[in-house]
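Read through the structure below, which is laid out as structure tokens, and then see the notes.
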Amino acid sequence: MAWHGKLLRVNLTKGTCTPEPLNMEWVKLYLGQRGLGTKYLYEEIDPKVDPLSPDNKLIFVTGPLTGTCASTGGRYSVVTKGPLTGTVACSNSGGQFGGELKQAGWDMVIIEGKSAKPVYLMLVDDKAELLDAEGFIWGETVWDTEDAIKKRHQDPLIRIASIGGAGEGLSRYACIMNDRDRAAGRSGVGAVMGSKLLKAVAVRGTTGVAVNDPKRFLDVTREKRKILDPSPARARYSGLGTMAMMDVTQAHGSLPTLNCREVQFEHIADVNVKKQHTVRKSDGEAPYQGNKACFACSIGCGRMAKIDPDHFSIKGKARYSGVTGGLEYESAYAVGPMCGVQDVEAATYASALCNEHGMDPISFGATVAAAMELFMEGAITTEQTEGRDFSFGNAEALCWAAEVTGTAQGFGKDLGLGAKRLCEKYGHPEFAMVVKGQEFPGYDPRAMQGMALGYATSNRGACHLKAAPFQDDFQRVTPDGKAKIVKDSQDYIAAIDSSGLCTFTKAAWQAPDYADQIDAACEGDWTVERLLELGERIYNLERLFNNAAGFTAKDDTLPKRVLTEPAKGGAGKGHVAELAKMLPEYYELRGWTPDGEPTTQTLSRLGLA
Ligand code: SF4
């Protein structure tokens, strides 16, 4: 138990919704969420398919602890072939949607084919129907889509995952949004949904989730909360949110600034967490308005914010005058220092538009930063920007860019390509701060050598969530010993990402804390060793998918800028990312050939042969 043993297969071409038993043999090897979704994707599609073709599939998948009372047990993943990267894509989201999907009795929903007209999927427990979205929600924003579905079905507790204009317009970094401001954010999973003409998945669940040993599960989850709730990590996430990281990367010299020309931002005080908590003169309020927690979460790291009513970005726009999802570190770095923008209100507005229109703020901000560099080099002119100065630091240009990209209009269509395709189009591929086509999150890899390796070997392109070398990176700027830290954390995170729990908990919980909760909830013996092996299996399966899609060791690399131009300040001053020193050791630890392919022995050991 903890799995319902049931998935829903939705064929949009045929217009059918068909329940199927979940493959419980695969559950034993891949657990749920990221692992199980990847296994289904690997078995069901050709890795070489065009991600935006009907042959790609889109998998919404929960973990065994999703929908339970385990703290943070509300996560779900969207697994597909990503249109930004061409790799396997797995985007993980919180909010309330995942818990509701599980409570409706589904472990997984597989979307395949392409609808002849825009539709949305309505799930009420085991009743599933495809309903017409044309003339109703197609063309609407994420926020209006959620409101309209709740109103039509007369139920404010329906939970909705949907796309906005970015997904409909096939932006390569479109998100799938749920609960207004939570996102399956990276790699363009929203564009896959848009390509299938699926506007939303709406769900209402009342069946609950059965666990294997209810008494033990309650005891164990209570015990784990006694570790999590008083921990310094929870206090930090809850008190300051992820935004606290900006002062850390600034001090360390790993805050990507001006499209990675710099590693520290001279105007940090205008955009950091302290600024978010500073009361404005105009309305006597601070941008920060309070916290928001995902399903069953006892941390509540999400930030709510209010934009200055006098700010140029929202003048005359009542819809942005209330409290909305606020800046998180990754969005703030991207629309702030990466673009050289020091206007926290403009950054909050741009981030809110990313939520409203469903686009990944990390990729959006980093793409705007690349466009700003292209503008400063003369490769992009006022012809593209409709007369605007698009130089670094221009807050008005950032806000305009968010508006046109979110609605896929004019130059926004170019910005929606992502940094790699944009920079190639305008003749400067070297300005794209990407790995495998995905834009950097908020860590310059020159002062963080472990992160450099983590970016280069991440199976979904540059990512800060698939490896966790942070602690060591902030202490030592050296490539020594990073391969093992990165490899071990990648496997560990792959297991957590498959459980239904949030990876932020790993700042307080250790591997046995996850194993104990899974073991109490699920049939079978779930030990730490089994989970770590399962994580390694998942990482290798993702790699097999990518290798079959055409990726090789040559793609495990970083932009020339961080490989050849030393950092100008901070702890990494004088350093470049020393990838060549780390990759051979990493491949060896993984049991991969020097060409980056898992050996037969490795595949056999992990049950992948
Ligand atoms: S820690 Fe933050 S992101 Fe994770 S489940 Fe809780 S509120 Fe959501």
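FYI, nothing fancy with the structure tokens labels: chains A, B, ... in order, residues from 1 per chain, ligands from 1 as they appear.
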
Which chains and residue numbers are within 6 Å of ligand 1, counting only C-alpha atoms and all ligand atoms, if I want them as a VMD selection string? chain A and resid 72 94 293 to 294 297 299 to 302 502 504

Just list as a list in words whatever in segment 244-302 of chain A DSSP marks as alpha helix (DSSP H). Met245, Met246, Asp247, Val248, Thr249, Gln250, Ala251, His252, Val273, Lys274, Lys275 and Gln276 of chain A

Residues flagged strand (DSSP E) by DSSP in segment 219-434 of chain A, as an MDAnalysis selection string: chainID A and resid 288:292 302:306 323:325 434

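The interatomic distance for the pair atom CA of Lys48 of chain A and atom CA of Ile111 of chain A works out to 18.1 Å.
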
Could you name the residues that touch Met304 of chain A at 10 Å or less, counting only C-alpha atoms, but leaving out those on the same chain fewer than 2 positions away, as a PyMOL selection string? chain A and resi 181+287-292+301-302+306+323-328

Using only C-alpha atoms, which protein or nucleic acid residues come within 8 Å of Phe390 of chain A? Drop anything in the same chain fewer than 4 positions from it, and give the result as number ranges by chain. A: 371-372, 375-376, 382, 385, 394, 397

Kindly export the residues of the current selection with C-alpha atoms, as a PDB file, in the first residue's frame.
ATOM      1  CA  ALA A 371      19.583  38.986 -24.849  1.00  0.00           C
ATOM      2  CA  MET A 372      20.885  41.999 -22.923  1.00  0.00           C
ATOM      3  CA  PHE A 375      22.030  43.968 -27.315  1.00  0.00           C
ATOM      4  CA  MET A 376      25.142  45.469 -25.783  1.00  0.00           C
ATOM      5  CA  THR A 382      16.044  48.398 -31.074  1.00  0.00           C
ATOM      6  CA  THR A 385      13.129  45.446 -28.815  1.00  0.00           C
ATOM      7  CA  ASN A 394      17.072  48.104 -17.461  1.00  0.00           C
ATOM      8  CA  ALA A 397      13.011  46.251 -20.429  1.00  0.00           C
TER       9      ALA A 397
END

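Taking only C-alpha atoms into account, Ser254 of chain A lies nearest to A:Gln449 out of the set A:Gln449, A:Gln276, A:Thr141, A:Thr457.
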
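Compared by their closest atoms to Ala456 of chain A, and using only C-alpha atoms, the residues A:Gly596, A:Pro429, A:Gly481, A:Gly387 rank with A:Gly596 nearest.
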
Give me the residues of segment 135-242 of chain A that have any atom at most 10 Å from an atom of segment 410-423 of chain A; for each, the nearest atom pair and the distance in Å, rounded to one decimal. Use only C-alpha atoms, sort by chain and number, and format it as a tab-separated table.
residue	atom	partner	partner_atom	distance
A:Ala166	CA	A:Gly416	CA	7.6
A:Gly167	CA	A:Gly416	CA	9.9
A:Gly169	CA	A:Lys413	CA	8.0
A:Leu170	CA	A:Gly416	CA	7.9
A:Ser171	CA	A:Gly416	CA	4.5
A:Arg172	CA	A:Leu417	CA	5.4
A:Tyr173	CA	A:Gly418	CA	6.7
A:Ala174	CA	A:Gly416	CA	8.2
A:Ser187	CA	A:Gly418	CA	10.0
A:Gly188	CA	A:Gly418	CA	9.7
